[in-house]
Amino acid sequence: MTEQDIGTAEPRRPGPGRDAFRMRGPGRSRKGAPGRRRLLRNTLLAAAALPLAGAVWIGVTGLLARSELIAAGRDLDALRQSVAPVPGAASGAVPTSAREREREVRSAAAHAARAHRLTTGPAWYPAAALPFLGGPLKIARGAAYAADRLAGDVLSPLVRALPTPTPDSRGDGMSDALMTLQKHAPEVVRAARAAAEVRADVHGLPRTTWLPAADRARAGLARQIDRLGPVMTDASLTARVLPPMLGAQGERRYFLAFQNIAEARGTGGVPGAFAVLSADRGHLSFERFGNNTEMATAKTDLDLGADFAARYQGSQPTRVWANSNMSPHFPYAARIWAAAWREHTGERVDGVFAVDPTTLSRFLRVTGPARMADGTELTADNVVDLTERASYAMYDDVARRKAFFVEAARAAAGPLITATGDMRRLPALLVALNDAQRDGRLKVWSAHAAEQRLIESRPYSGTLPETPGPFAGLVVNNAAGGKLDYYLDRSLVWEANGCSSGDRPVTVTVTLANRAPVSGLPGYVTLRGDSPPYRTRPGDNRLLVSYYAGVGATLTGATLDGRPAQLAPGVERGHSVYTLDLELPARSRRTLVLHLLEPHADRAPVLLRQSLVTPLRATLKPGGSCRV
């Protein structure tokens with residue numbers, strides 16, 4: 001016995017002997033036994049009822065949490081519509097006020113917080129930890145926690161950093177937005193980090209449980225978080241980079257190239273018209289416009305490295321303006337353009353932007369039509385066709401046609417500048433910008449090294465990544481000198497075929513089709529500046545077709561239309577590149593098949609999309625993983 005046992009023991013009564021066995025009386029036995037049995041029964045009943053009560057509690061609170069998450073979703077839908085208005089909405093429409101947005105995000109945060117509280121506590125934690133049975137509960141807890149953090153730690157600071165339009169907002173939209181963004185930049189950066197943490201938590205939840213509905217909910221949440229991740233990364237970078245780039249610390253000047261995608265180049269299209277854009281504390285203005293005729297004499301001795309020189313020396317990209325952007329790596333072209341502009345004018349620029357007529361189309365859908373000096377109306381629906389096809393039939397004189405292209409850029413720039421100063425239309429304009437950069441039609445380079453280091457990680461930098469891993473890039477450069485790429489269709493199928501000694505065989509099928517008519521096109525469109533030694537017809541095109549494979553990939557064989565083909569090998573930024581000089585007659589289709597061995601090919605490839613008039617149709621078939 002312990003001291004406690006001794007202190008509380010019942011004193012022995014005197015008996016017949018020291019070790020005598022003492023019988024209890026009949027009355028005592030009847031009185032004590034039912035009490036013990038009743039206590040034992042109640043204890044067993046309570047023990048049996050406890051899991052049932054916990055299950056009921058989990059079921060009830062789970063349903064309540066689901067209702068709270070649905071309510072939070074409705075608030076977030078309303079918030080999403082208010083911060084991303086439909087392009088083309090009436091300019092006089094009054095957008096959602098900052099107060100209304102704050103109310104929506106507070107409501108969503110409150111619902112998400114209640115859902116999180118409902119899925120915590122002494123019943124949920126041990127139940128979610130149960131092997132096998134607890135999987136769906138763990139997903140429910142994780143989803144509620146993710147919603148709570150997203151609403152409170154991510155969306156709330158993001159909404160505070162958004163432009164705050166009012167019914168009478170006029171004239172200072174971009175400037176006011178810049179000040180707001182600069183003020184809340186640290187919060188946006190923290191929000192991006194929180195979003196990354198939530199993404200990691202969601203991807204750590206069970207993928208497969210005994211309840212398919214829970215698995216579908218987890219997969220849907222993961223997809224939404226995956227879409228949010230790049231948005232928050234862009235928001236964080238924008239908060240750090242955009243204020244200085246738009247002149248928050250002093251005036252900035254940029255070279256803006258308008259790429260003509262009817263004649264393909266590595267970054268999109270041949271550099272045609274250009275402008276110089278000034279930014280001063282968020283106020284934007286265009287200083288001047290010009291065309292490639294003016295820049296034809298601009299040359300530079302810029303050194304871009306031995307690999308660049310080895311690959312492009314025959315085309316002289318630093319000496320021939322039309323060939324300055326043959327590489328798909330946009331920083332090469334941007335540096336050439338900035339250096340050429342300085343050689344031409346003596347003026348430095350702080351960076352380079354590139355857009356194309358499809359980008360202008362997106363802007364015009366927000367700003368409304370623009371009218372050119374000759375009365376021609378540019379709209380979102382006609383600007384691509386007008387500048388890339390119809391204008392060639394309108395003007396026989398090359399100089400007049402080039403002037404038309406410059407005037408089209410000038411006309412579209414007017415309402416664009418007006419829209420940047422209108423807080424009511426600025427959100428829709430930002431949506432259009434995001435769409436353009438997502439499709440690779442807006443590219444950005446900064447001459448300031450710290451800014452460029454941040455920018456180059458994002459798609460709109462146009463950077464050809466040097467990182468190892470599977471990669472697929474189809475790049476065409478027009479070698480004929482005409483404007484027939486308006487009629488070019490491209491498709492790419494990338495398919496992995498198992499493993500071989502740690503590498504994976506890959507088959508790439510490239511199909512190119514020339515839809516150009518065999519007659520009726522202007523001579524400037526069908527001209528053959530390459531003067532081929534063989535006979536051609538109007539509408540026949542010639543392309544330098546380059547396939548960019550992964551770092552360290554090797555080509556084991558290739559066919560063109562079923563016959564063996566020889567491709568010229570090369571290297572660019574670590575990537576193996578294989579190029580074919582291809583004649584593409586009018587109304588023809590040609591198929592190039594490449595067989596490669598790629599290292600590190602245990603996932604789907606990164607896809608390089610060259611933005612031309614008709615988008616690339618790409619199909620990726622990564623197959624199973626490849627163990628090294």
# chains A, B, ... in the order shown; residues from 1 in each chain; ligands from 1

call {"tool": "closest_atom_pairs", "arguments": {"of": "range 325-403 of chain A", "to": "range 526-533 of chain A", "cutoff": "12 Å", "atoms": "only C-alpha atoms", "output": "tab-separated table"}}
result
residue	atom	partner	partner_atom	distance
A:Arg389	CA	A:Thr526	CA	11.7
A:Tyr392	CA	A:Thr526	CA	10.5
A:Ala393	CA	A:Thr526	CA	11.8

call {"tool": "select_by_dssp", "arguments": {"residues": "range 482-527 of chain A", "states": "strand (DSSP E or B)", "output": "list in words"}}
result
Leu488, Asp489, Arg490, Ser491, Leu492, Val493, Trp494, Glu495, Ala496, Ser500, Asp503, Arg504, Pro505, Val506, Thr507, Val508, Thr509, Val510, Thr511, Leu512, Ala513 and Asn514 of chain A

call {"tool": "closest_residue", "arguments": {"among": "A:Phe255, A:Trp494, A:Tyr548, A:Tyr524", "to": "Val593 in chain A", "atoms": "only C-alpha atoms"}}
result
A:Trp494

call {"tool": "select_by_dssp", "arguments": {"residues": "range 115-223 of chain A", "states": "alpha helix (DSSP H)", "output": "JSON, numbers by chain"}}
result
{"A": [115, 116, 117, 118, 124, 125, 126, 127, 128, 135, 136, 137, 138, 139, 140, 141, 142, 143, 144, 145, 146, 147, 148, 149, 156, 157, 158, 159, 160, 173, 174, 175, 176, 177, 178, 179, 180, 181, 182, 183, 184, 185, 186, 187, 188, 189, 190, 191, 192, 193, 194, 195, 196, 197, 198, 199, 200, 201, 202, 203, 212, 213, 214, 215, 216, 217, 218, 219, 220, 221, 222, 223]}

call {"tool": "closest_atom_pairs", "arguments": {"of": "range 443-464 of chain A", "to": "range 337-341 of chain A", "cutoff": "12 Å", "atoms": "only C-alpha atoms", "output": "CSV"}}
result
residue,atom,partner,partner_atom,distance
A:Trp445,CA,A:Ala338,CA,10.0
A:Ser446,CA,A:Ala338,CA,10.1
A:Ala447,CA,A:Ala338,CA,8.6

call {"tool": "closest_atom_pairs", "arguments": {"of": "range 289-369 of chain A", "to": "range 534-544 of chain A", "cutoff": "12 Å", "atoms": "only C-alpha atoms", "output": "Markdown table"}}
result
| residue | atom | partner | partner_atom | distance |
| --- | --- | --- | --- | --- |
| A:Ser315 | CA | A:Leu544 | CA | 11.8 |
| A:Met326 | CA | A:Leu544 | CA | 10.0 |
| A:Ser327 | CA | A:Leu544 | CA | 11.7 |

call {"tool": "write_last_selection", "arguments": {"atoms": "N, CA, C and O atoms", "output": "PDB file, in the first residue's frame"}}
result
ATOM      1  N   SER A 315      22.859  35.741 -89.501  1.00  0.00           N
ATOM      2  CA  SER A 315      21.704  36.641 -89.664  1.00  0.00           C
ATOM      3  C   SER A 315      21.994  38.058 -89.193  1.00  0.00           C
ATOM      4  O   SER A 315      21.165  38.951 -89.386  1.00  0.00           O
ATOM      5  N   MET A 326      15.322  37.281 -83.700  1.00  0.00           N
ATOM      6  CA  MET A 326      15.167  35.903 -84.163  1.00  0.00           C
ATOM      7  C   MET A 326      15.186  34.919 -83.005  1.00  0.00           C
ATOM      8  O   MET A 326      14.553  33.859 -83.066  1.00  0.00           O
ATOM      9  N   SER A 327      15.903  35.224 -81.954  1.00  0.00           N
ATOM     10  CA  SER A 327      15.922  34.348 -80.775  1.00  0.00           C
ATOM     11  C   SER A 327      14.614  34.484 -80.009  1.00  0.00           C
ATOM     12  O   SER A 327      14.086  35.585 -79.864  1.00  0.00           O
TER      13      SER A 327
END

call {"tool": "closest_residue", "arguments": {"among": "A:Ile58, A:Leu492, A:Leu620, A:Val476", "to": "Leu580 in chain A", "atoms": "only C-alpha atoms"}}
result
A:Val476

call {"tool": "residues_around", "arguments": {"residues": "Trp210 in chain A", "least_positions_apart": "4", "cutoff": "10 Å", "atoms": "only C-alpha atoms", "output": "PyMOL selection string"}}
result
chain A and resi 132-136+214-215

call {"tool": "write_last_selection", "arguments": {"atoms": "N, CA, C and O atoms", "output": "PDB file, in the first residue's frame"}}
result
ATOM      1  N   PHE A 132      -7.241   5.338 -41.915  1.00  0.00           N
ATOM      2  CA  PHE A 132      -8.245   5.025 -42.919  1.00  0.00           C
ATOM      3  C   PHE A 132      -9.504   5.865 -42.746  1.00  0.00           C
ATOM      4  O   PHE A 132      -9.884   6.636 -43.629  1.00  0.00           O
ATOM      5  N   LEU A 133     -10.193   5.753 -41.598  1.00  0.00           N
ATOM      6  CA  LEU A 133     -11.472   6.426 -41.410  1.00  0.00           C
ATOM      7  C   LEU A 133     -11.335   7.941 -41.369  1.00  0.00           C
ATOM      8  O   LEU A 133     -12.253   8.667 -41.750  1.00  0.00           O
ATOM      9  N   GLY A 134     -10.195   8.435 -40.893  1.00  0.00           N
ATOM     10  CA  GLY A 134     -10.073   9.867 -40.670  1.00  0.00           C
ATOM     11  C   GLY A 134      -9.725  10.698 -41.890  1.00  0.00           C
ATOM     12  O   GLY A 134      -9.709  11.929 -41.809  1.00  0.00           O
ATOM     13  N   GLY A 135      -9.458  10.068 -43.034  1.00  0.00           N
ATOM     14  CA  GLY A 135      -9.046  10.805 -44.220  1.00  0.00           C
ATOM     15  C   GLY A 135      -9.996  11.917 -44.634  1.00  0.00           C
ATOM     16  O   GLY A 135      -9.589  13.078 -44.793  1.00  0.00           O
ATOM     17  N   PRO A 136     -11.292  11.642 -44.839  1.00  0.00           N
ATOM     18  CA  PRO A 136     -12.223  12.713 -45.231  1.00  0.00           C
ATOM     19  C   PRO A 136     -12.316  13.833 -44.207  1.00  0.00           C
ATOM     20  O   PRO A 136     -12.474  15.001 -44.574  1.00  0.00           O
ATOM     21  N   ALA A 214     -15.111  13.557 -50.825  1.00  0.00           N
ATOM     22  CA  ALA A 214     -14.030  14.294 -50.177  1.00  0.00           C
ATOM     23  C   ALA A 214     -12.822  14.406 -51.098  1.00  0.00           C
ATOM     24  O   ALA A 214     -12.163  15.451 -51.162  1.00  0.00           O
ATOM     25  N   ASP A 215     -12.543  13.336 -51.849  1.00  0.00           N
ATOM     26  CA  ASP A 215     -11.408  13.374 -52.782  1.00  0.00           C
ATOM     27  C   ASP A 215     -11.637  14.415 -53.868  1.00  0.00           C
ATOM     28  O   ASP A 215     -10.714  15.146 -54.248  1.00  0.00           O
TER      29      ASP A 215
END

call {"tool": "closest_residue", "arguments": {"among": "A:Ala161, A:Leu181, A:Leu584, A:Val320", "to": "Val241 in chain A", "atoms": "only C-alpha atoms"}}
result
A:Leu181

call {"tool": "closest_residue", "arguments": {"among": "A:Val506, A:Gly247, A:Pro522, A:Leu158", "to": "Tyr395 in chain A", "atoms": "only C-alpha atoms"}}
result
A:Pro522

call {"tool": "residues_around", "arguments": {"residues": "range 602-610 of chain A", "least_positions_apart": "3", "cutoff": "8 Å", "atoms": "only C-alpha atoms", "output": "mmCIF file with C-alpha atoms, in the first residue's frame"}}
result
data_model
loop_
_atom_site.group_PDB
_atom_site.id
_atom_site.type_symbol
_atom_site.label_atom_id
_atom_site.label_comp_id
_atom_site.auth_asym_id
_atom_site.auth_seq_id
_atom_site.Cartn_x
_atom_site.Cartn_y
_atom_site.Cartn_z
ATOM 1 C CA GLY A 266 11.468 34.320 -82.413
ATOM 2 C CA THR A 267 9.774 36.709 -79.971
ATOM 3 C CA GLY A 268 6.591 36.901 -82.089
ATOM 4 C CA PRO A 328 12.875 33.483 -78.640
ATOM 5 C CA GLY A 440 2.970 35.788 -74.329
ATOM 6 C CA GLY A 469 14.110 19.244 -67.274
ATOM 7 C CA PRO A 470 11.801 18.331 -70.133
ATOM 8 C CA PHE A 471 11.141 21.192 -72.519
ATOM 9 C CA ALA A 472 9.261 21.651 -75.786
ATOM 10 C CA GLY A 473 9.533 24.739 -77.951
ATOM 11 C CA LEU A 474 8.542 25.235 -81.586
ATOM 12 C CA VAL A 475 9.951 28.480 -83.005
ATOM 13 C CA LEU A 616 -0.130 27.001 -81.485
ATOM 14 C CA LEU A 620 1.557 16.897 -74.295
ATOM 15 C CA LYS A 621 1.609 13.183 -73.418
ATOM 16 C CA PRO A 622 4.153 12.777 -70.603
ATOM 17 C CA GLY A 624 4.645 7.548 -66.624
ATOM 18 C CA SER A 625 7.547 8.749 -64.513
ATOM 19 C CA CYS A 626 11.121 7.851 -65.422
ATOM 20 C CA ARG A 627 13.372 6.788 -62.551
#

call {"tool": "closest_atom_pairs", "arguments": {"of": "range 179-233 of chain A", "to": "range 278-282 of chain A", "cutoff": "12 Å", "atoms": "only C-alpha atoms", "output": "JSON lines"}}
result
{"residue": "A:Met179", "atom": "CA", "partner": "A:Gly282", "partner_atom": "CA", "distance": 8.5}
{"residue": "A:Thr180", "atom": "CA", "partner": "A:Gly282", "partner_atom": "CA", "distance": 11.3}
{"residue": "A:Leu181", "atom": "CA", "partner": "A:Gly282", "partner_atom": "CA", "distance": 11.2}
{"residue": "A:Gln182", "atom": "CA", "partner": "A:Arg281", "partner_atom": "CA", "distance": 11.2}

call {"tool": "atom_distance", "arguments": {"atom1": "CA of Arg490 in chain A", "atom2": "CA of Val508 in chain A"}}
result
13.0 Å

call {"tool": "decode", "arguments": {"residues": "range 420-436 of chain A", "atoms": "C-alpha atoms", "output": "PDB file, in the first residue's frame"}}
result
ATOM      1  CA  THR A 420      -5.020  54.613 -67.644  1.00  0.00           C
ATOM      2  CA  GLY A 421      -6.127  57.884 -66.054  1.00  0.00           C
ATOM      3  CA  ASP A 422      -9.735  56.706 -65.550  1.00  0.00           C
ATOM      4  CA  MET A 423     -10.116  54.741 -62.317  1.00  0.00           C
ATOM      5  CA  ARG A 424     -13.438  53.372 -63.540  1.00  0.00           C
ATOM      6  CA  ARG A 425     -11.821  51.591 -66.494  1.00  0.00           C
ATOM      7  CA  LEU A 426      -8.445  50.825 -64.956  1.00  0.00           C
ATOM      8  CA  PRO A 427      -9.456  47.429 -63.438  1.00  0.00           C
ATOM      9  CA  ALA A 428     -10.670  46.156 -66.821  1.00  0.00           C
ATOM     10  CA  LEU A 429      -7.501  47.467 -68.439  1.00  0.00           C
ATOM     11  CA  LEU A 430      -5.398  45.545 -65.918  1.00  0.00           C
ATOM     12  CA  VAL A 431      -7.357  42.393 -66.789  1.00  0.00           C
ATOM     13  CA  ALA A 432      -6.554  42.965 -70.481  1.00  0.00           C
ATOM     14  CA  LEU A 433      -2.867  43.412 -69.633  1.00  0.00           C
ATOM     15  CA  ASN A 434      -2.893  40.184 -67.635  1.00  0.00           C
ATOM     16  CA  ASP A 435      -4.514  38.301 -70.520  1.00  0.00           C
ATOM     17  CA  ALA A 436      -1.904  39.645 -72.942  1.00  0.00           C
TER      18      ALA A 436
END
